[in-house]
Amino acid sequence: MTTLGDAVGRTVLLVEDDPEVRDVLEDELEENGYNVIPAANGKQALDFLTLNRPEKADVVILDLMMPMVSGWEVLEHMHANPHWRIFRSLS
């Protein structure tokens, strides 16, 4: 279990297309010491991962059902890119 001390300085890439859900999750994560990078869709998540080294995000919270680029498609890209294989996915 992660404690608040473990969370400080950790970065979460939060990918959620519902703004209300994204805002609630972002607030909760930030209150617990996490740095949050919000993404409103899968394309924004892929752009972030492409433009930044994977070390910029310690964990990705990914909505699977999104328009345009789904979370499933983001996972496919993450599994196909050797630089992004450092992330583990839980289903």
# chains A, B, ... in the order shown; residues from 1 in each chain; ligands from 1
call {"tool": "residues_around", "arguments": {"residues": "stretch 67-75 of chain A", "least_positions_apart": "3", "cutoff": "10 Å", "atoms": "only C-alpha atoms", "output": "NGL selection string"}}
result
:A and (15-17 or 41-46 or 49 or 61-64 or 78-81 or 84 or 87-89)
call {"tool": "select_by_dssp", "arguments": {"residues": "chain A", "states": "helix (DSSP H, G or I)", "output": "ChimeraX atom specification"}}
result
/A:4-7,19-31,42-51,54-56,71-80,82-84
call {"tool": "residues_around", "arguments": {"residues": "A:Phe48", "least_positions_apart": "4", "cutoff": "10 Å", "atoms": "only C-alpha atoms", "output": "VMD selection string"}}
result
chain A and resid 13 37 to 39 42 to 44 52 to 54 56 to 57
call {"tool": "closest_residue", "arguments": {"among": "A:Ala40, A:Leu25, A:Leu14, A:Leu51", "to": "A:Met66", "atoms": "only C-alpha atoms"}}
result
A:Ala40
call {"tool": "atom_distance", "arguments": {"atom1": "atom CA of A:Glu76", "atom2": "atom CA of A:Glu26"}}
result
24.5 Å
call {"tool": "closest_residue", "arguments": {"among": "A:His83, A:Arg22, A:Val36, A:His77", "to": "A:Asp58", "atoms": "only C-alpha atoms"}}
result
A:Val36
call {"tool": "closest_residue", "arguments": {"among": "A:Thr50, A:Met65, A:Val12, A:Glu20", "to": "A:Asn32", "atoms": "only C-alpha atoms"}}
result
A:Val12
call {"tool": "select_by_dssp", "arguments": {"residues": "chain A", "states": "strand (DSSP E or B)", "output": "list in words"}}
result
Thr11, Val12, Leu13, Leu14, Val15, Asn35, Val36, Ile37, Pro38, Ala39, Val59, Val60, Ile61 and Leu62 of chain A
call {"tool": "closest_residue", "arguments": {"among": "A:Pro82, A:Asp47, A:Val59, A:Glu31", "to": "A:Val8", "atoms": "only C-alpha atoms"}}
result
A:Glu31
